[in-house]
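Read through the structure below, which is laid out as structure tokens, and then see the notes.
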Amino acid sequence: MKKNKRDSRENSPLDRRDFIKTGAAAAAVGSLAIDRAAFAQSSETVKVALIGCGGRGSGAANQALSTNGDVKLVAMADAFKDRMDSSQKGLQRAHGLKVDVKDENKFIGFDAYKKAIELADMVILATPPGFRPVHFAEAIKQGKHVFMEKPVAVDGKGVRQVLAAAKEAKKKNLKVGVGLQRHHQLGYQEIVKRIHDGAIGDIVSARSYWNGGGVWVREREKFEKSAGRKLTEMEYQMRNWYYFVWLCGDHITEQHIHNLDVINWIKGTHPTSCQGLGGREVRKGIDHGEIYDHHAVEYKYDDGSYMFSQCRHIRGCWNSVSEHVQGTKGRGTVSGPHMLTDNNGETIWRFGGGGKNPYQQEHDDLFDAIRNNKPFNEAEYGAYSSLTSVMGRMATYSGRMITAEDALNSDENTMPEILGWEAAPPTLPDENGRYSIAIPGKTRFGVEKV
Ligand SMILES: NC(=O)c1ccc[n+]([C@@H]2O[C@H](COP(=O)([O-])OP(=O)(O)OC[C@H]3O[C@@H](n4cnc5c(N)ncnc54)[C@H](O)[C@@H]3O)[C@@H](O)[C@H]2O)c1
């Protein structure tokens, strides 16, 4: 098959002659970026920096270090030293000398990311998602390949920043992976391919769920006891980040994004409007911050089809983490067992098994792209699926209809003006240690229609 001009350019490794030939373009992009693109020879050591050394960041570093070829972890950054030290120990146990992080290349605090990024070819961004847009923009500015965890933003401003940096990454030929690992899971790949090929006709509706018991709580009292002093409010929120919108985006954004993203993948686009309801029924403890414990959102796509979405963090209820679609000719259980039936319930196709752990596969694919200069940029769909989750939250918090455009262009900016341990986070507790909670019908984002 004849390749079009764009494909052939994307697939051909840039060499020194290309660099010289494309002088004007190179000047626009910056020589560092061209070096990055040309760097990708398979035998070279890929130097990795880990930003955010918690559970997932350590997992992602483990996967990066488990890819084929020479890879080294050379720098680490975290807000807290204890998190970084335990991550380093665990990675050293698993990977020995591949973890080559000298003390002077370990950075602590809010600005730590910049210094760690400088030392690497490829960076893993795995802090709480509120920081992602700024960290991603910096990595691209410095001309580095990126693996960033989902969600990639928690508000419209963040999504705009990620979309802008994604464009820049393309121009600089930088590879970007996003931790929506279902895209690298064989069962999902196989079923989505068949749906796209028309096996069950046009998709007219979809359902997506992340209904479960909830996640960890990091209690203020325990941290204060072990520190032997009061925490500043910033320290507390940074430790217990899940429960604050500026850091987490609420669980519809932090977790349910996976399921919303699968339906967006199938539809090949994101919803244009939504409305929904939500609240907190059981999440009432002193360490439960400001987020809801359930959201139910009806999303509408431009072609008139709908996605019905639920996410819940309440124990003792019906649980499901899954995605389903209804087509004009049949139905799909997109999540496991990954199967298609006709409208009478007769099986058309069922996934036969196989494939690697998707967390490993996504790194294998990204490193293959880096080493062999293959096109790889997942930032845009990561940004739009993050937007889908953000507009869902805006709809449940306000009780109003929200369009994707409004959510994207919203002036909601959840980030604090100043980042520092003594600085004030955007939400503060009252005298009883309680935070104000969004109230549908009263909470407004200034953009929504009734
Ligand atoms: N793809 C998946 O299936 C999956 C699974 C789990 C988590 N995640 C995502 O990974 C990210 C991290 O989650 P986690 O479970 O590892 O949380 P975690 O709390 O275990 O780790 C976060 C780490 O980031 C550090 N940190 C916070 N702010 C920082 C900053 N400004 N600069 C540097 N370090 C900072 C924290 O101190 C902590 O060590 C989240 O976005 C989450 O949604 C994805």
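Identifiers in this document derive from the order of the structure tokens: chains are assigned A, B, ..., residues are numbered from 1 separately in each chain, and ligands are numbered from 1 in order of occurrence.
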
Quick one: residues within 7 Å of stretch 84-97 of chain A, only C-alpha atoms, excluding same-chain residues fewer than 6 positions away - as a tab-separated table (two decimals) with C-alpha atoms, in the first residue's frame?
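As a result, part-v3.tsv now contains:
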```tsv
chain	number	residue	atom	x	y	z
A	53	CYS	CA	7.02	7.84	43.53
A	54	GLY	CA	3.84	6.34	44.98
A	58	SER	CA	6.70	2.77	41.30
A	62	ASN	CA	9.08	-1.23	37.32
A	78	ASP	CA	8.45	13.46	45.02
```

Using only C-alpha atoms, which residues of stretch 240-259 of chain A come within 9 Å of stretch 154-159 of chain A, and what is the closest atom pair for each, with the distance in Å to one decimal? Give it as JSON lines, sorted by chain and residue number.
```
{"residue": "A:Val245", "atom": "CA", "partner": "A:Val154", "partner_atom": "CA", "distance": 7.5}
{"residue": "A:Trp246", "atom": "CA", "partner": "A:Val154", "partner_atom": "CA", "distance": 6.9}
{"residue": "A:Leu247", "atom": "CA", "partner": "A:Val154", "partner_atom": "CA", "distance": 7.5}
{"residue": "A:Cys248", "atom": "CA", "partner": "A:Val154", "partner_atom": "CA", "distance": 6.7}
{"residue": "A:Gly249", "atom": "CA", "partner": "A:Val154", "partner_atom": "CA", "distance": 4.7}
{"residue": "A:Asp250", "atom": "CA", "partner": "A:Val154", "partner_atom": "CA", "distance": 8.4}
{"residue": "A:Thr253", "atom": "CA", "partner": "A:Val154", "partner_atom": "CA", "distance": 6.9}
{"residue": "A:Glu254", "atom": "CA", "partner": "A:Val154", "partner_atom": "CA", "distance": 8.3}
```

### Query
Got a sec to check which residues lie within 7 Å of ligand 1, using only C-alpha atoms and all ligand atoms, and send them as an MDAnalysis selection string?
chainID A and resid 51:57 77:80 83:84 109:113 126:129 131 149:151 179:181 238:239 254:255

### Message
Using only C-alpha atoms, can you tell me which of A:Val123, A:Ala369, A:Val152, A:Val390 comes closest to A:Glu405?
### Response
A:Val390

Non-local contacts of A:Asp365 (9 Å; only C-alpha atoms; under 3 positions in same chain excluded) as a PDB file with N, CA and C atoms, in the first residue's frame:
```pdb
ATOM      1  N   GLY A 177       2.918   8.359  26.099  1.00  0.00           N
ATOM      2  CA  GLY A 177       1.971   7.312  26.501  1.00  0.00           C
ATOM      3  C   GLY A 177       1.104   7.816  27.641  1.00  0.00           C
ATOM      4  N   HIS A 184      -4.040  -1.074  25.447  1.00  0.00           N
ATOM      5  CA  HIS A 184      -2.923  -1.997  25.181  1.00  0.00           C
ATOM      6  C   HIS A 184      -3.249  -3.414  25.664  1.00  0.00           C
ATOM      7  N   GLN A 360       2.274  -3.722  31.524  1.00  0.00           N
ATOM      8  CA  GLN A 360       3.587  -3.958  30.923  1.00  0.00           C
ATOM      9  C   GLN A 360       3.544  -3.645  29.429  1.00  0.00           C
ATOM     10  N   GLN A 361       2.446  -4.076  28.795  1.00  0.00           N
ATOM     11  CA  GLN A 361       2.340  -3.911  27.343  1.00  0.00           C
ATOM     12  C   GLN A 361       2.415  -2.435  26.948  1.00  0.00           C
ATOM     13  N   GLU A 362       1.783  -1.549  27.763  1.00  0.00           N
ATOM     14  CA  GLU A 362       1.793  -0.125  27.373  1.00  0.00           C
ATOM     15  C   GLU A 362       3.218   0.430  27.400  1.00  0.00           C
ATOM     16  N   ASP A 368       9.169   0.752  22.445  1.00  0.00           N
ATOM     17  CA  ASP A 368       9.396   0.353  21.052  1.00  0.00           C
ATOM     18  C   ASP A 368       9.298   1.598  20.151  1.00  0.00           C
ATOM     19  N   ALA A 369       8.314   2.447  20.431  1.00  0.00           N
ATOM     20  CA  ALA A 369       8.151   3.676  19.637  1.00  0.00           C
ATOM     21  C   ALA A 369       9.341   4.614  19.833  1.00  0.00           C
ATOM     22  N   ILE A 370       9.821   4.708  21.066  1.00  0.00           N
ATOM     23  CA  ILE A 370      10.962   5.595  21.339  1.00  0.00           C
ATOM     24  C   ILE A 370      12.211   5.073  20.625  1.00  0.00           C
ATOM     25  N   PHE A 376       3.706   7.839  18.128  1.00  0.00           N
ATOM     26  CA  PHE A 376       3.100   7.412  19.398  1.00  0.00           C
ATOM     27  C   PHE A 376       2.763   8.655  20.197  1.00  0.00           C
TER      28      PHE A 376
END
```

### Task
Enumerate the residues of stretch 170-321 of chain A with a DSSP assignment of strand (DSSP E or B), computed from the backbone, and present them as an NGL selection string.
:A and (176-178 or 203-212 or 273-279 or 294-300 or 306-313 or 320-321)

Preceding selection exported with N, CA and C atoms as a compact mmCIF listing (two decimals), in the first residue's frame:
```txt
# COMPACT_ATOMS: atom_id res chain seq x y z
N VAL A 176 4.47 9.99 23.52
CA VAL A 176 3.71 10.20 24.76
C VAL A 176 2.74 9.05 24.99
N GLY A 177 2.92 8.36 26.10
CA GLY A 177 1.97 7.31 26.50
C GLY A 177 1.10 7.82 27.64
N VAL A 178 -0.15 7.38 27.68
CA VAL A 178 -1.07 7.75 28.77
C VAL A 178 -1.57 6.45 29.40
N ILE A 203 -23.31 2.02 16.85
CA ILE A 203 -23.53 2.02 18.31
C ILE A 203 -24.55 3.12 18.65
N VAL A 204 -25.66 2.69 19.26
CA VAL A 204 -26.71 3.67 19.58
C VAL A 204 -26.76 4.01 21.07
N SER A 205 -26.23 3.12 21.92
CA SER A 205 -26.15 3.47 23.34
C SER A 205 -25.04 2.66 24.00
N ALA A 206 -24.62 3.14 25.16
CA ALA A 206 -23.53 2.48 25.88
C ALA A 206 -23.76 2.64 27.37
N ARG A 207 -23.20 1.70 28.13
CA ARG A 207 -23.23 1.80 29.59
C ARG A 207 -21.81 1.63 30.10
N SER A 208 -21.44 2.43 31.09
CA SER A 208 -20.10 2.25 31.67
C SER A 208 -20.21 2.42 33.19
N TYR A 209 -19.46 1.56 33.91
CA TYR A 209 -19.56 1.53 35.37
C TYR A 209 -18.20 1.45 36.03
N TRP A 210 -18.03 2.20 37.13
CA TRP A 210 -17.00 1.86 38.12
C TRP A 210 -17.70 1.94 39.47
N ASN A 211 -18.41 0.89 39.78
CA ASN A 211 -19.10 0.83 41.07
C ASN A 211 -18.33 -0.14 41.96
N GLY A 212 -17.83 0.38 43.08
CA GLY A 212 -17.04 -0.45 43.99
C GLY A 212 -17.10 0.11 45.40
N SER A 273 -22.34 16.74 25.36
CA SER A 273 -23.05 17.32 26.50
C SER A 273 -23.40 16.22 27.50
N CYS A 274 -23.77 16.63 28.69
CA CYS A 274 -24.17 15.65 29.70
C CYS A 274 -24.99 16.32 30.79
N GLN A 275 -25.74 15.50 31.50
CA GLN A 275 -26.39 15.94 32.73
C GLN A 275 -26.43 14.74 33.66
N GLY A 276 -26.47 15.00 34.96
CA GLY A 276 -26.42 13.86 35.87
C GLY A 276 -26.72 14.24 37.30
N LEU A 277 -26.62 13.23 38.16
CA LEU A 277 -26.84 13.50 39.58
C LEU A 277 -25.83 12.74 40.42
N GLY A 278 -25.61 13.25 41.61
CA GLY A 278 -24.63 12.60 42.48
C GLY A 278 -24.69 13.21 43.86
N GLY A 279 -23.86 12.70 44.76
CA GLY A 279 -23.83 13.24 46.12
C GLY A 279 -22.95 12.39 47.00
N HIS A 294 -20.94 9.09 44.90
CA HIS A 294 -21.62 8.50 43.73
C HIS A 294 -21.96 9.58 42.70
N HIS A 295 -21.90 9.17 41.44
CA HIS A 295 -22.25 10.03 40.30
C HIS A 295 -22.98 9.14 39.28
N ALA A 296 -24.05 9.64 38.70
CA ALA A 296 -24.71 8.93 37.59
C ALA A 296 -24.92 9.97 36.49
N VAL A 297 -24.33 9.73 35.33
CA VAL A 297 -24.31 10.77 34.29
C VAL A 297 -24.81 10.20 32.97
N GLU A 298 -25.67 10.99 32.31
CA GLU A 298 -26.14 10.64 30.97
C GLU A 298 -25.38 11.54 29.99
N TYR A 299 -24.54 10.92 29.18
CA TYR A 299 -23.73 11.67 28.21
C TYR A 299 -24.35 11.54 26.82
N LYS A 300 -24.30 12.61 26.05
CA LYS A 300 -24.81 12.56 24.68
C LYS A 300 -23.68 12.85 23.70
N TYR A 306 -26.20 7.82 23.18
CA TYR A 306 -25.99 8.13 24.60
C TYR A 306 -25.02 7.15 25.26
N MET A 307 -24.36 7.63 26.29
CA MET A 307 -23.63 6.74 27.21
C MET A 307 -24.20 7.00 28.61
N PHE A 308 -24.62 5.91 29.26
CA PHE A 308 -25.12 6.01 30.64
C PHE A 308 -23.99 5.55 31.55
N SER A 309 -23.64 6.40 32.48
CA SER A 309 -22.45 6.12 33.29
C SER A 309 -22.78 6.19 34.78
N GLN A 310 -22.19 5.27 35.53
CA GLN A 310 -22.33 5.30 36.99
C GLN A 310 -20.97 5.04 37.63
N CYS A 311 -20.67 5.78 38.71
CA CYS A 311 -19.54 5.37 39.53
C CYS A 311 -19.95 5.57 40.99
N ARG A 312 -19.54 4.61 41.80
CA ARG A 312 -19.97 4.65 43.20
C ARG A 312 -18.85 4.11 44.08
N HIS A 313 -18.65 4.76 45.23
CA HIS A 313 -17.73 4.26 46.24
C HIS A 313 -18.54 4.01 47.51
N SER A 320 -19.63 -3.24 39.85
CA SER A 320 -19.24 -3.62 38.50
C SER A 320 -18.25 -2.58 37.98
N VAL A 321 -17.18 -3.07 37.35
CA VAL A 321 -16.26 -2.19 36.63
C VAL A 321 -16.29 -2.70 35.20
```

#### Entry: Residue set, stretch 255-357 of chain A restricted to helix (DSSP H, G or I), as a list in words
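Taking stretch 255-357 of chain A and keeping helix (DSSP H, G or I) gives Ile257, His258, Asn259, Leu260, Asp261, Val262, Ile263, Asn264, Trp265, Ile266 and Lys267 of chain A.
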
Next, write the just-selected residues to a file, as a compact mmCIF listing (two decimals), in the first residue's frame, keeping N, CA and C atoms as the atom set.
```txt
# COMPACT_ATOMS: atom_id res chain seq x y z
N ILE A 257 -12.72 7.42 34.70
CA ILE A 257 -12.19 7.81 33.37
C ILE A 257 -11.88 6.59 32.51
N HIS A 258 -11.42 5.51 33.12
CA HIS A 258 -11.09 4.30 32.34
C HIS A 258 -12.28 3.83 31.51
N ASN A 259 -13.45 3.80 32.15
CA ASN A 259 -14.64 3.26 31.47
C ASN A 259 -15.21 4.26 30.47
N LEU A 260 -15.19 5.54 30.85
CA LEU A 260 -15.66 6.58 29.93
C LEU A 260 -14.78 6.58 28.67
N ASP A 261 -13.50 6.40 28.89
CA ASP A 261 -12.53 6.41 27.79
C ASP A 261 -12.75 5.24 26.83
N VAL A 262 -13.14 4.08 27.34
CA VAL A 262 -13.37 2.93 26.46
C VAL A 262 -14.52 3.24 25.49
N ILE A 263 -15.57 3.86 26.02
CA ILE A 263 -16.71 4.18 25.13
C ILE A 263 -16.29 5.27 24.14
N ASN A 264 -15.53 6.25 24.58
CA ASN A 264 -15.03 7.27 23.65
C ASN A 264 -14.18 6.64 22.54
N TRP A 265 -13.39 5.67 22.92
CA TRP A 265 -12.53 4.94 21.95
C TRP A 265 -13.43 4.28 20.89
N ILE A 266 -14.47 3.62 21.37
CA ILE A 266 -15.37 2.93 20.43
C ILE A 266 -16.08 3.95 19.53
N LYS A 267 -16.54 5.04 20.14
CA LYS A 267 -17.27 6.04 19.35
C LYS A 267 -16.32 6.86 18.47
```

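Going from atom CA of A:Gly330 over to atom CA of A:Asp197, you cover 13.0 Å.
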
### Task
Provide the atom CA of A:Gly213 to atom CA of A:Gly316 distance in Å, to one decimal place.
7.4 Å

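Neighbouring residues of A:Trp421 at 7 Å or closer, counting only C-alpha atoms and skipping chain neighbours under 2 positions away, are A:Thr232, A:Met234, A:Glu235, A:Ala423.
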
### Query
Between A:Gln63, A:Thr269, A:Thr443, A:Thr328, which is the closest to A:Thr388 once you count only C-alpha atoms?
A:Thr269

### Message
Measuring between only C-alpha atoms, which one of A:Leu366, A:Ile195, A:Cys317, A:Ala438 shows the shortest distance to A:Thr341?
### Response
A:Ile195

### Message
List the spatial neighbours of A:Tyr236 as number ranges by chain - criterion: any atom at most 12 Å away, only C-alpha atoms, same-chain residues fewer than 4 positions off excluded.
### Response
A: 80, 217-224, 227, 229-232, 240-244, 287-289, 421-425, 428-429, 433

### Message
Using Å and a single decimal, report how far atom CA of A:Asp82 sits from atom CA of A:Glu138.
### Response
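Atom-to-atom, atom CA of A:Glu138 to atom CA of A:Asp82, that is 24.7 Å.
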
### For A:Asp121: contacts at 10 Å, only C-alpha atoms, fewer than 6 positions along chain excluded, given as a PyMOL selection string
chain A and resi 36+39-40+45-49+74+139+142-146+370

### Task
Return the single residue from A:Ala153, A:Leu186, A:Val215, A:Ala75 that is closest to A:Val134, with distances computed using only C-alpha atoms.
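Of A:Ala153, A:Leu186, A:Val215, A:Ala75, the one nearest A:Val134, counting only C-alpha atoms, is A:Ala153.
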
### Task
Kindly indicate which residue among A:Asn373, A:Gln161, A:Gln326, A:Gln185 lies nearest to A:Phe351, using only C-alpha atoms for the distances.
A:Gln185

### Message
Set the distance at 10 Å and use only C-alpha atoms: which residues neighbour stretch 346-349 of chain A once local chain neighbours fewer than 5 positions away are removed? I'd like the list as a PyMOL selection string.
### Response
chain A and resi 191+194+199-200+330-332+338-341

Since we have the selection now, will you write its residues out, keeping C-alpha atoms, as a short mmCIF file (atom, residue, chain, number, x, y, z; two decimals), in the first residue's frame?
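As written to disk, selection.cif reads:
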```
data_model
loop_
_atom_site.label_atom_id
_atom_site.label_comp_id
_atom_site.auth_asym_id
_atom_site.auth_seq_id
_atom_site.Cartn_x
_atom_site.Cartn_y
_atom_site.Cartn_z
CA ILE A 191 -13.34 -6.38 20.48
CA ARG A 194 -14.57 -5.84 15.49
CA ALA A 199 -19.86 -6.51 13.66
CA ILE A 200 -22.82 -5.14 15.67
CA GLY A 330 -26.12 -6.61 18.24
CA ARG A 331 -24.58 -6.04 21.66
CA GLY A 332 -21.09 -5.98 23.07
CA HIS A 338 -15.10 -9.32 25.74
CA MET A 339 -17.95 -10.76 23.67
CA LEU A 340 -20.39 -9.83 20.94
CA THR A 341 -23.92 -11.21 20.52
#
```
